[in-house]
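To be precise, the following lines are query_19.tsv, and they hold TSV, C-alpha atoms.
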```
chain	number	residue	atom	x	y	z
Z	1	MET	CA	-21.57	41.62	11.73
Z	2	SER	CA	-24.77	39.96	10.59
Z	3	ASP	CA	-23.03	38.92	7.35
Z	4	ASP	CA	-20.50	36.93	9.37
Z	5	ARG	CA	-23.27	35.19	11.29
Z	6	ASP	CA	-25.13	34.35	8.07
Z	7	ASP	CA	-21.98	32.95	6.55
Z	8	SER	CA	-21.18	30.86	9.55
Z	9	ALA	CA	-24.78	29.57	9.71
Z	10	GLY	CA	-24.44	28.72	6.03
Z	11	ASP	CA	-21.10	27.06	6.72
Z	12	ARG	CA	-22.62	24.99	9.54
Z	13	ARG	CA	-25.40	23.87	7.23
Z	14	GLY	CA	-22.82	23.20	4.58
Z	15	ALA	CA	-20.74	21.16	7.01
Z	16	LEU	CA	-23.76	19.02	7.88
Z	17	VAL	CA	-24.44	18.37	4.19
Z	18	ALA	CA	-20.74	17.48	3.86
Z	19	GLU	CA	-21.13	14.97	6.71
Z	20	TYR	CA	-24.08	13.54	4.78
Z	21	VAL	CA	-22.04	13.28	1.58
Z	22	LEU	CA	-19.11	11.71	3.43
Z	23	GLY	CA	-21.47	9.14	4.97
Z	24	LEU	CA	-20.65	10.08	8.55
Z	25	LEU	CA	-24.23	10.37	9.84
Z	26	GLY	CA	-25.97	7.53	11.69
Z	27	PRO	CA	-28.64	5.55	9.79
Z	28	ALA	CA	-31.72	7.53	10.92
Z	29	ASP	CA	-29.97	10.92	10.61
Z	30	HIS	CA	-28.71	9.99	7.14
Z	31	GLU	CA	-32.18	9.11	5.95
Z	32	ARG	CA	-33.82	12.19	7.42
Z	33	ILE	CA	-31.21	14.63	6.09
Z	34	GLY	CA	-31.39	12.87	2.72
Z	35	ARG	CA	-35.13	13.54	2.55
Z	36	GLN	CA	-34.61	17.19	3.51
Z	37	ILE	CA	-32.05	17.59	0.74
Z	38	GLU	CA	-34.36	16.01	-1.83
Z	39	ALA	CA	-37.03	18.57	-0.93
Z	40	ASP	CA	-34.83	21.67	-1.13
Z	41	PRO	CA	-33.02	22.88	-4.28
Z	42	ALA	CA	-30.56	25.00	-2.25
Z	43	LEU	CA	-29.54	21.93	-0.24
Z	44	GLN	CA	-29.25	19.94	-3.47
Z	45	ARG	CA	-26.77	22.52	-4.76
Z	46	GLU	CA	-24.87	22.19	-1.50
Z	47	ARG	CA	-24.82	18.38	-1.86
Z	48	ASP	CA	-23.72	18.57	-5.51
Z	49	PHE	CA	-21.02	21.07	-4.55
Z	50	TRP	CA	-19.50	18.68	-1.99
Z	51	SER	CA	-19.94	15.62	-4.22
Z	52	ALA	CA	-18.08	17.31	-7.06
Z	53	ARG	CA	-15.30	18.65	-4.81
Z	54	PHE	CA	-14.68	15.34	-3.05
Z	55	ALA	CA	-14.86	13.54	-6.42
Z	56	ALA	CA	-11.49	15.16	-7.12
Z	57	LEU	CA	-10.12	12.54	-4.69
Z	58	ASP	CA	-11.54	9.63	-6.76
Z	59	GLY	CA	-8.18	9.14	-8.43
Z	60	GLU	CA	-6.92	7.67	-5.14
Z	61	PHE	CA	-9.18	4.60	-5.49
Z	62	ALA	CA	-6.93	1.90	-6.94
Z	63	GLU	CA	-8.29	-0.25	-9.76
Z	64	VAL	CA	-8.89	-3.92	-8.92
Z	65	ALA	CA	-9.96	-6.41	-11.62
Z	66	THR	CA	-13.29	-8.10	-10.99
Z	67	PRO	CA	-13.53	-11.91	-11.06
Z	68	ALA	CA	-14.69	-13.24	-14.44
Z	69	HIS	CA	-18.04	-14.60	-13.20
Z	70	VAL	CA	-19.29	-11.22	-11.97
Z	71	LEU	CA	-20.34	-9.87	-15.39
Z	72	GLU	CA	-22.12	-13.14	-16.18
Z	73	ARG	CA	-24.11	-12.91	-12.98
Z	74	ILE	CA	-25.03	-9.27	-13.54
Z	75	GLU	CA	-26.22	-10.00	-17.08
Z	76	ALA	CA	-28.15	-13.05	-15.92
Z	77	ARG	CA	-29.90	-10.95	-13.27
Z	78	LEU	CA	-30.63	-8.04	-15.62
Z	79	PHE	CA	-31.40	-9.85	-18.85
Z	80	GLY	CA	-32.09	-13.43	-17.79
Z	81	VAL	CA	-29.16	-14.65	-19.86
Z	82	GLU	CA	-27.65	-17.92	-18.72
Z	83	LYS	CA	-24.93	-19.99	-20.30
Z	84	LYS	CA	-27.04	-23.14	-20.40
Z	85	PRO	CA	-30.83	-23.07	-20.56
Z	86	SER	CA	-32.26	-24.92	-17.58
Z	87	VAL	CA	-34.65	-27.84	-17.92
Z	88	TRP	CA	-37.44	-25.42	-17.04
Z	89	GLU	CA	-36.68	-23.00	-19.84
Z	90	SER	CA	-36.41	-25.89	-22.29
Z	91	LEU	CA	-39.82	-27.13	-21.21
Z	92	ALA	CA	-41.49	-23.76	-21.48
Z	93	LEU	CA	-40.17	-23.61	-25.02
Z	94	TRP	CA	-41.33	-27.06	-25.92
Z	95	ARG	CA	-44.72	-27.10	-24.27
Z	96	GLY	CA	-46.23	-25.25	-27.21
Z	97	ILE	CA	-44.72	-27.69	-29.66
Z	98	THR	CA	-46.22	-30.68	-27.90
Z	99	ALA	CA	-49.75	-29.48	-28.65
Z	100	GLY	CA	-49.20	-30.61	-32.23
Z	101	ALA	CA	-47.88	-33.90	-30.96
Z	102	LEU	CA	-51.27	-34.70	-29.48
Z	103	ALA	CA	-52.42	-35.71	-32.94
Z	104	VAL	CA	-49.84	-38.50	-32.77
Z	105	ALA	CA	-51.20	-39.47	-29.37
Z	106	VAL	CA	-54.81	-39.66	-30.53
Z	107	ALA	CA	-53.84	-41.79	-33.51
Z	108	ALA	CA	-51.97	-44.11	-31.21
Z	109	ILE	CA	-54.92	-44.66	-28.90
Z	110	GLY	CA	-56.06	-47.22	-31.43
Z	111	PHE	CA	-53.71	-49.82	-30.00
Z	112	ASN	CA	-55.18	-49.23	-26.57
Z	113	VAL	CA	-58.72	-50.06	-27.81
Z	114	MET	CA	-57.56	-53.47	-28.90
Z	115	ARG	CA	-56.43	-54.37	-25.40
Z	116	PRO	CA	-58.80	-55.92	-22.85
Z	117	ALA	CA	-61.43	-53.34	-21.89
Z	118	PRO	CA	-60.41	-51.45	-18.75
Z	119	SER	CA	-62.94	-50.85	-15.96
Z	120	VAL	CA	-65.14	-47.75	-16.23
Z	121	THR	CA	-63.53	-45.99	-13.25
Z	122	ALA	CA	-60.06	-46.59	-14.63
Z	123	LEU	CA	-61.16	-45.23	-17.99
Z	124	THR	CA	-62.24	-41.89	-16.49
Z	125	THR	CA	-58.75	-41.29	-15.13
Z	126	GLN	CA	-56.81	-42.43	-18.14
Z	127	LEU	CA	-54.18	-39.93	-19.25
Z	128	VAL	CA	-52.04	-39.63	-22.32
Z	129	ALA	CA	-48.91	-37.66	-23.15
Z	130	ALA	CA	-46.99	-37.38	-26.38
Z	131	LEU	CA	-43.32	-36.75	-25.68
Z	132	GLU	CA	-41.22	-35.08	-28.34
Z	133	ALA	CA	-39.14	-31.99	-28.99
Z	134	GLU	CA	-38.03	-29.96	-31.96
Z	135	GLY	CA	-34.61	-30.93	-33.21
Z	136	SER	CA	-34.80	-34.35	-31.60
Z	137	ASP	CA	-35.96	-37.64	-33.10
Z	138	VAL	CA	-36.78	-39.14	-29.72
Z	139	ARG	CA	-40.56	-39.59	-29.56
Z	140	PHE	CA	-42.50	-41.52	-26.99
Z	141	LEU	CA	-46.13	-42.05	-26.20
Z	142	ALA	CA	-47.07	-42.31	-22.53
Z	143	LEU	CA	-50.41	-43.76	-21.44
Z	144	TYR	CA	-51.53	-43.83	-17.83
Z	145	ASP	CA	-53.85	-46.71	-17.01
Z	146	GLY	CA	-55.59	-45.01	-14.09
Z	147	ALA	CA	-54.17	-47.57	-11.66
Z	148	GLY	CA	-50.62	-46.45	-10.94
Z	149	THR	CA	-48.77	-47.52	-14.08
Z	150	VAL	CA	-47.52	-45.54	-17.09
Z	151	ARG	CA	-47.09	-47.54	-20.29
Z	152	LEU	CA	-44.46	-46.13	-22.61
Z	153	THR	CA	-44.22	-46.78	-26.31
Z	154	ALA	CA	-41.08	-45.69	-28.12
Z	155	LEU	CA	-42.05	-44.28	-31.49
Z	156	SER	CA	-38.55	-43.30	-32.56
Z	157	GLY	CA	-35.14	-42.34	-31.27
Z	158	ASP	CA	-31.89	-43.92	-30.27
Z	159	VAL	CA	-28.90	-43.25	-28.03
Z	160	THR	CA	-25.26	-44.32	-28.03
Z	161	SER	CA	-24.08	-47.30	-26.00
Z	162	GLU	CA	-22.69	-44.98	-23.28
Z	163	GLN	CA	-26.04	-43.25	-22.81
Z	164	ASP	CA	-29.48	-43.93	-21.40
Z	165	LEU	CA	-32.79	-42.14	-21.65
Z	166	GLU	CA	-34.25	-41.13	-18.32
Z	167	LEU	CA	-37.89	-40.26	-17.69
Z	168	TRP	CA	-38.84	-37.40	-15.36
Z	169	ALA	CA	-42.07	-36.11	-13.87
Z	170	ILE	CA	-42.34	-32.35	-13.39
Z	171	GLN	CA	-45.24	-31.04	-11.40
Z	172	GLY	CA	-46.35	-27.78	-9.83
Z	173	GLY	CA	-43.07	-25.91	-10.04
Z	174	ALA	CA	-41.11	-28.58	-8.14
Z	175	ASP	CA	-37.81	-30.03	-9.30
Z	176	PRO	CA	-38.02	-32.93	-11.76
Z	177	ILE	CA	-38.52	-36.34	-10.08
Z	178	SER	CA	-36.84	-39.28	-11.75
Z	179	MET	CA	-39.03	-42.13	-12.97
Z	180	GLY	CA	-35.99	-44.14	-13.95
Z	181	VAL	CA	-34.12	-45.14	-17.06
Z	182	ILE	CA	-36.35	-46.28	-19.92
Z	183	PRO	CA	-35.50	-48.71	-22.73
Z	184	VAL	CA	-35.17	-47.48	-26.28
Z	185	ASN	CA	-37.14	-49.03	-29.14
Z	186	GLU	CA	-39.46	-51.13	-27.01
Z	187	ARG	CA	-42.53	-50.83	-24.86
Z	188	SER	CA	-42.13	-50.58	-21.13
Z	189	GLU	CA	-44.11	-49.90	-17.99
Z	190	VAL	CA	-43.20	-47.57	-15.14
Z	191	GLU	CA	-44.86	-47.61	-11.74
Z	192	ILE	CA	-45.72	-44.15	-10.46
Z	193	SER	CA	-44.17	-43.53	-7.06
Z	194	GLU	CA	-46.18	-42.10	-4.16
Z	195	GLU	CA	-44.20	-38.86	-4.40
Z	196	ILE	CA	-45.24	-38.36	-8.02
Z	197	MET	CA	-48.79	-39.63	-7.45
Z	198	ALA	CA	-49.37	-36.83	-4.93
Z	199	GLY	CA	-49.33	-34.24	-7.71
Z	200	TRP	CA	-50.20	-36.48	-10.67
Z	201	GLY	CA	-52.91	-35.52	-13.16
Z	202	GLU	CA	-53.87	-33.17	-15.98
Z	203	GLY	CA	-51.01	-30.70	-16.48
Z	204	SER	CA	-48.23	-32.91	-15.13
Z	205	VAL	CA	-45.26	-32.93	-17.50
Z	206	LEU	CA	-43.22	-35.93	-18.53
Z	207	ALA	CA	-39.77	-35.26	-19.91
Z	208	ILE	CA	-36.97	-37.43	-21.24
Z	209	THR	CA	-33.31	-36.47	-20.97
Z	210	VAL	CA	-30.16	-38.09	-22.30
Z	211	GLU	CA	-28.06	-39.20	-19.33
Z	212	PRO	CA	-24.89	-41.22	-18.74
Z	213	LYS	CA	-25.38	-45.01	-18.73
Z	214	GLY	CA	-27.41	-45.97	-15.67
Z	215	GLY	CA	-29.11	-42.59	-15.31
Z	216	ALA	CA	-28.33	-39.18	-13.83
Z	217	PRO	CA	-25.83	-39.78	-11.01
Z	218	GLU	CA	-27.32	-37.32	-8.50
Z	219	GLY	CA	-31.00	-37.69	-9.22
Z	220	LYS	CA	-31.13	-34.43	-11.14
Z	221	PRO	CA	-31.24	-34.17	-14.93
Z	222	THR	CA	-27.83	-33.34	-16.40
Z	223	GLY	CA	-28.34	-33.88	-20.12
Z	224	PRO	CA	-30.49	-32.15	-22.72
Z	225	VAL	CA	-34.26	-32.64	-22.79
Z	226	VAL	CA	-34.89	-34.66	-25.95
Z	227	ALA	CA	-38.65	-35.11	-25.50
Z	228	ALA	CA	-41.33	-33.66	-23.28
Z	229	GLY	CA	-45.09	-33.44	-23.14
Z	230	GLU	CA	-47.96	-32.48	-20.92
Z	231	VAL	CA	-50.32	-35.11	-19.60
Z	232	HIS	CA	-53.95	-34.82	-20.80
Z	233	GLN	CA	-57.11	-36.72	-20.00
Z	234	ILE	CA	-58.38	-38.86	-22.80
A	1	MET	CA	-6.97	15.09	-24.63
A	2	ALA	CA	-7.09	11.38	-23.93
A	3	VAL	CA	-8.82	11.78	-20.58
A	4	GLN	CA	-11.55	13.94	-22.07
A	5	ALA	CA	-12.04	11.52	-24.97
A	6	ALA	CA	-12.35	8.60	-22.55
A	7	SER	CA	-14.77	10.63	-20.46
A	8	ALA	CA	-16.93	11.42	-23.51
A	9	ASP	CA	-16.91	7.72	-24.41
A	10	ILE	CA	-18.17	6.78	-20.96
A	11	ALA	CA	-20.89	9.44	-21.09
A	12	ASP	CA	-21.94	8.03	-24.46
A	13	LEU	CA	-22.00	4.47	-23.11
A	14	ILE	CA	-24.18	5.54	-20.15
A	15	ALA	CA	-26.55	7.30	-22.55
A	16	ARG	CA	-26.79	4.16	-24.67
A	17	CYS	CA	-27.54	2.11	-21.53
A	18	SER	CA	-30.52	4.37	-20.91
A	19	LEU	CA	-31.75	3.18	-24.35
A	20	HIS	CA	-31.34	-0.44	-23.16
A	21	ASP	CA	-28.30	-1.12	-25.33
A	22	ARG	CA	-26.86	-4.30	-23.78
A	23	THR	CA	-23.67	-4.19	-25.82
A	24	ALA	CA	-23.00	-0.68	-24.52
A	25	PHE	CA	-23.59	-1.95	-20.97
A	26	ARG	CA	-21.01	-4.70	-21.42
A	27	THR	CA	-18.47	-2.22	-22.81
A	28	LEU	CA	-19.18	0.18	-19.95
A	29	TYR	CA	-18.61	-2.65	-17.48
A	30	GLN	CA	-15.35	-3.63	-19.15
A	31	ARG	CA	-14.06	-0.04	-19.07
A	32	THR	CA	-15.14	0.91	-15.55
A	33	SER	CA	-15.58	-2.20	-13.38
A	34	ALA	CA	-11.97	-2.30	-12.12
A	35	LYS	CA	-12.32	1.25	-10.81
A	36	LEU	CA	-15.69	0.66	-9.16
A	37	PHE	CA	-14.58	-2.68	-7.72
A	38	GLY	CA	-11.61	-0.83	-6.22
A	39	VAL	CA	-14.07	1.60	-4.60
A	40	VAL	CA	-16.37	-1.00	-3.01
A	41	LEU	CA	-13.44	-3.21	-1.97
A	42	ARG	CA	-11.63	-0.34	-0.24
A	43	ILE	CA	-14.76	0.67	1.68
A	44	LEU	CA	-16.14	-2.80	2.50
A	45	LYS	CA	-12.69	-4.38	3.10
A	46	ASN	CA	-14.10	-7.81	2.32
A	47	ARG	CA	-13.81	-9.49	-1.07
A	48	ALA	CA	-16.98	-11.58	-0.91
A	49	GLU	CA	-19.06	-8.58	0.12
A	50	ALA	CA	-17.41	-6.45	-2.55
A	51	GLU	CA	-18.32	-9.05	-5.20
A	52	GLU	CA	-21.96	-8.91	-4.08
A	53	ALA	CA	-21.85	-5.12	-3.97
A	54	ILE	CA	-20.38	-4.69	-7.47
A	55	GLN	CA	-23.29	-6.69	-8.92
A	56	GLU	CA	-25.82	-4.42	-7.21
A	57	VAL	CA	-23.88	-1.36	-8.34
A	58	TYR	CA	-24.05	-2.30	-12.03
A	59	ILE	CA	-27.71	-3.21	-11.74
A	60	LYS	CA	-28.31	0.28	-10.34
A	61	ILE	CA	-26.23	1.84	-13.12
A	62	TRP	CA	-28.35	0.08	-15.76
A	63	GLN	CA	-31.57	1.13	-14.01
A	64	ARG	CA	-30.50	4.74	-13.39
A	65	ALA	CA	-28.67	5.42	-16.66
A	66	ASP	CA	-31.49	7.74	-17.77
A	67	ARG	CA	-30.82	9.99	-14.77
A	68	PHE	CA	-27.26	10.77	-15.79
A	69	VAL	CA	-26.99	14.37	-16.92
A	70	ALA	CA	-23.90	14.89	-19.02
A	71	GLY	CA	-21.98	18.00	-18.00
A	72	GLN	CA	-23.18	18.09	-14.41
A	73	TYR	CA	-20.65	15.53	-13.21
A	74	SER	CA	-17.85	13.80	-14.95
A	75	PRO	CA	-19.30	10.42	-15.96
A	76	ILE	CA	-16.72	8.40	-14.02
A	77	SER	CA	-17.46	10.45	-10.86
A	78	TRP	CA	-21.13	9.70	-11.30
A	79	LEU	CA	-20.34	5.98	-11.47
A	80	VAL	CA	-17.94	6.16	-8.50
A	81	ALA	CA	-20.64	7.96	-6.47
A	82	ILE	CA	-23.12	5.12	-7.13
A	83	ALA	CA	-20.53	2.53	-6.07
A	84	ARG	CA	-19.37	4.48	-3.03
A	85	ASN	CA	-22.92	5.23	-1.83
A	86	HIS	CA	-23.96	1.61	-2.25
A	87	ALA	CA	-21.01	0.38	-0.17
A	88	LEU	CA	-21.74	3.02	2.50
A	89	ASP	CA	-25.40	1.99	2.57
A	90	MET	CA	-24.28	-1.58	3.27
A	91	LEU	CA	-22.06	-0.43	6.15
A	92	ARG	CA	-24.72	1.91	7.52
A	93	ALA	CA	-27.33	-0.86	7.59
A	94	ARG	CA	-25.13	-2.62	10.15
A	95	ARG	CA	-24.33	0.33	12.32
A	96	PRO	CA	-26.25	0.79	15.57
A	97	ALA	CA	-28.98	3.46	15.58
A	98	GLY	CA	-27.17	4.84	18.67
A	99	GLU	CA	-24.87	6.69	16.29
A	100	ASP	CA	-27.71	9.05	15.44
A	101	ILE	CA	-27.44	12.39	17.17
A	102	ASP	CA	-30.64	13.87	15.71
A	103	ALA	CA	-28.68	16.09	13.39
A	104	ALA	CA	-31.01	18.61	11.78
A	105	LEU	CA	-30.81	21.14	9.02
A	106	ASP	CA	-32.31	24.37	10.20
A	107	ILE	CA	-34.47	25.50	7.32
A	108	ALA	CA	-34.51	29.03	8.79
A	109	ASP	CA	-30.85	29.26	7.78
A	110	ALA	CA	-31.75	28.67	4.14
A	111	ALA	CA	-30.15	30.31	1.11
A	112	PRO	CA	-26.45	30.25	1.92
A	113	ASN	CA	-24.74	32.13	-0.92
A	114	PRO	CA	-25.75	29.48	-3.48
A	115	GLU	CA	-24.27	31.38	-6.41
A	116	ARG	CA	-20.79	30.61	-5.11
A	117	LEU	CA	-21.61	26.90	-5.10
A	118	ALA	CA	-22.88	26.87	-8.67
A	119	ALA	CA	-20.96	25.26	-11.51
A	120	ALA	CA	-18.86	23.24	-9.12
A	121	SER	CA	-16.32	21.85	-11.50
A	122	GLU	CA	-14.01	19.20	-10.20
A	123	ASP	CA	-10.82	21.00	-9.56
A	124	GLY	CA	-8.54	18.49	-7.93
A	125	ALA	CA	-5.86	21.00	-7.09
A	126	ARG	CA	-8.41	23.12	-5.25
A	127	ILE	CA	-9.48	20.52	-2.71
A	128	GLU	CA	-5.90	19.36	-2.24
A	129	ALA	CA	-4.85	22.96	-1.55
A	130	CYS	CA	-7.70	23.46	0.91
A	131	LEU	CA	-7.04	20.14	2.68
A	132	ALA	CA	-3.40	21.18	2.98
A	133	GLN	CA	-4.50	24.19	5.02
A	134	LEU	CA	-5.94	21.87	7.69
A	135	ASP	CA	-3.82	20.10	10.31
A	136	ALA	CA	-2.41	16.96	8.70
A	137	GLU	CA	-4.35	14.67	11.06
A	138	LYS	CA	-7.63	16.43	10.35
A	139	ALA	CA	-7.07	16.32	6.60
A	140	ASP	CA	-6.35	12.59	6.94
A	141	ALA	CA	-9.61	12.12	8.86
A	142	VAL	CA	-11.58	13.79	6.05
A	143	ARG	CA	-9.81	11.59	3.48
A	144	GLY	CA	-10.47	8.51	5.59
A	145	ALA	CA	-14.18	9.30	5.70
A	146	TYR	CA	-14.36	9.79	1.92
A	147	LEU	CA	-11.98	7.10	0.68
A	148	ASP	CA	-12.34	4.38	3.33
A	149	GLY	CA	-15.89	5.04	4.49
A	150	TYR	CA	-14.76	5.31	8.13
A	151	SER	CA	-17.45	6.21	10.67
A	152	TYR	CA	-16.88	8.69	13.51
A	153	GLU	CA	-16.24	5.71	15.84
A	154	GLU	CA	-13.61	4.25	13.53
A	155	LEU	CA	-11.94	7.61	13.03
A	156	ALA	CA	-11.91	8.24	16.80
A	157	GLN	CA	-10.22	4.87	17.32
A	158	ARG	CA	-7.71	5.35	14.54
A	159	PHE	CA	-6.69	8.78	15.76
A	160	ALA	CA	-7.00	7.78	19.44
A	161	VAL	CA	-9.26	10.65	20.44
A	162	PRO	CA	-12.66	10.60	22.18
A	163	LEU	CA	-15.68	10.28	19.87
A	164	ASN	CA	-16.98	13.78	20.61
A	165	THR	CA	-13.57	15.26	19.94
A	166	MET	CA	-13.54	13.59	16.54
A	167	ARG	CA	-17.01	14.96	15.75
A	168	THR	CA	-15.88	18.48	16.69
A	169	TRP	CA	-12.63	18.11	14.71
A	170	LEU	CA	-14.38	17.05	11.57
A	171	ARG	CA	-17.18	19.60	11.71
A	172	ARG	CA	-14.71	22.44	12.20
A	173	SER	CA	-12.54	21.03	9.44
A	174	LEU	CA	-15.51	20.84	7.07
A	175	ILE	CA	-16.50	24.44	7.87
A	176	ARG	CA	-12.95	25.58	7.14
A	177	LEU	CA	-12.83	23.47	4.01
A	178	ARG	CA	-16.08	25.07	2.79
A	179	GLU	CA	-14.75	28.55	3.48
A	180	CYS	CA	-11.63	27.76	1.52
A	181	LEU	CA	-13.47	26.09	-1.39
A	182	THR	CA	-15.94	28.94	-1.79
A	183	ALA	CA	-13.44	31.76	-1.28
```

Take the structure from the file and write it as structure tokens.
Amino acid sequence: MSDDRDDSAGDRRGALVAEYVLGLLGPADHERIGRQIEADPALQRERDFWSARFAALDGEFAEVATPAHVLERIEARLFGVEKKPSVWESLALWRGITAGALAVAVAAIGFNVMRPAPSVTALTTQLVAALEAEGSDVRFLALYDGAGTVRLTALSGDVTSEQDLELWAIQGGADPISMGVIPVNERSEVEISEEIMAGWGEGSVLAITVEPKGGAPEGKPTGPVVAAGEVHQI
Amino acid sequence: MAVQAASADIADLIARCSLHDRTAFRTLYQRTSAKLFGVVLRILKNRAEAEEAIQEVYIKIWQRADRFVAGQYSPISWLVAIARNHALDMLRARRPAGEDIDAALDIADAAPNPERLAAASEDGARIEACLAQLDAEKADAVRGAYLDGYSYEELAQRFAVPLNTMRTWLRRSLIRLRECLTA
């Protein structure tokens, strides 16, 4: 009978869609059949039929608790939520605030004028940065002399006897590079290393973090950013 | 009934995810992650891979929440299908292309009594009854493909039969299963 043949052709088609739903087809076959199904409502009904029927077996999958960190990672990937904001996020937040701090910097240039006049070439490459952050009383002024040295003036701020302030240079998306521990409440000078000098200039960021006495143990900032500012030409 | 109430809750949580409700997403994760982790772990058989997979699965759930149509599937089946398909995709990506046999759907055979496939509610007793009509080994092979994600090669090894025999077994079993389910 032709009806029998039609049914068995339909059953063969159905069986192939069932193989697709079960995941038994090889990679190329699976992809091709998947595309055919997407293009054909009758095949979609066939697929949905098998999916729903096999789903009756879902009760046989035992429940297994996920490790605690999995949800955190999913949320971090979906929503960008992290437990601790990274140095980078802190800086992005504070960069806007430092614009206002430039006023402090300009006012402070006065003390520079009173020093022996620098050479004309040095003057053209002089840079200044005001380092501060909302919620922190640590404020520094950084002045680059155009010849490899940053002069730091502490305007305010203090740390406990178990802590030090550490200065960092952040340039061009790279990890922060340590410029060493800096004294509190006094002026100091820091030589710029070759590594920092390679990317040094307008737009470089200087940041100060609170670290354990002696500085961050592994050369990466561990404490909160208490002051940061972008370097600008004078 | 408790099961139906839980099911409605999950459908509601999925709907709220489609509106980007993060609290609903967290609740959905807390209610369903053990089940879905069980699915990917059983199929991948490797804890580290399953932990990677479950992250991808929930990212897909968040991104596809607007495609969930309440009433078409039970919500938990919809979630299990996303988890199961993701785990199978991972396995398939590793399998050699040599497993392809150029299977093709003959479009000329189109329109197989679709009305009998419509409104396919999940009737657990029905598939169990139809599987019970198959030889025990063949029913186990079908279950192994669905629940453990076994390939034809793995099934052939487990049941100690040649690969082509396993293909023939399963296709005949699926045809019989379809006849029984649509009868």

Could you list, as a PyMOL selection string, every residue of chain Z that has an atom within 9 Å of an atom of chain A, counting only C-alpha atoms?
chain Z and resi 6-19+21-30+32-33+36+42-43+45-46+48-58+60-67+70-71+73-75+77-79

What separation in Å, quoted to one decimal, exists between CA of Ser161 (chain Z) and CA of Gly215 (chain Z)?
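Interatomic distance, CA of Ser161 (chain Z) to CA of Gly215 (chain Z): 12.7 Å.
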
Which residues, written as a VMD selection string, have at least one atom at most 12 Å from Met197 (chain Z), with all atoms listed in the file counted and residues fewer than 3 positions away on the same chain left out?
chain Z and resid 144 146 to 150 169 to 171 177 179 191 to 194 200 to 202 204

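Atom pair CA of Ser178 (chain Z) / CA of Gln233 (chain Z) has a distance of 22.0 Å (rounded to one decimal).
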
CA of Glu189 (chain Z) to CA of Arg151 (chain Z), distance in Å rounded to a single decimal:
4.4 Å

So, counting all atoms listed in the file, which residue among A:Ala15, A:Ala53, A:Ala48, A:Ala8 is closest to Val69 (chain A)?
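Comparing A:Ala15, A:Ala53, A:Ala48, A:Ala8 against Val69 (chain A), the winner is A:Ala15.
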
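If you measure from each of Z:Ala174, Z:Arg187, Z:Glu211, Z:Glu195 to Gly223 (chain Z) using all atoms listed in the file, the closest one turns out to be Z:Glu211.
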
Edge lengths and centre in Å to one decimal, as AutoDock Vina command-line options, of the axis-aligned box that encloses all listed atoms of region 7-23 of chain A with 8 Å added on every side?
```
--center_x -23.3 --center_y 3.6 --center_z -23.0 --size_x 33.0 --size_y 31.7 --size_z 21.7
```
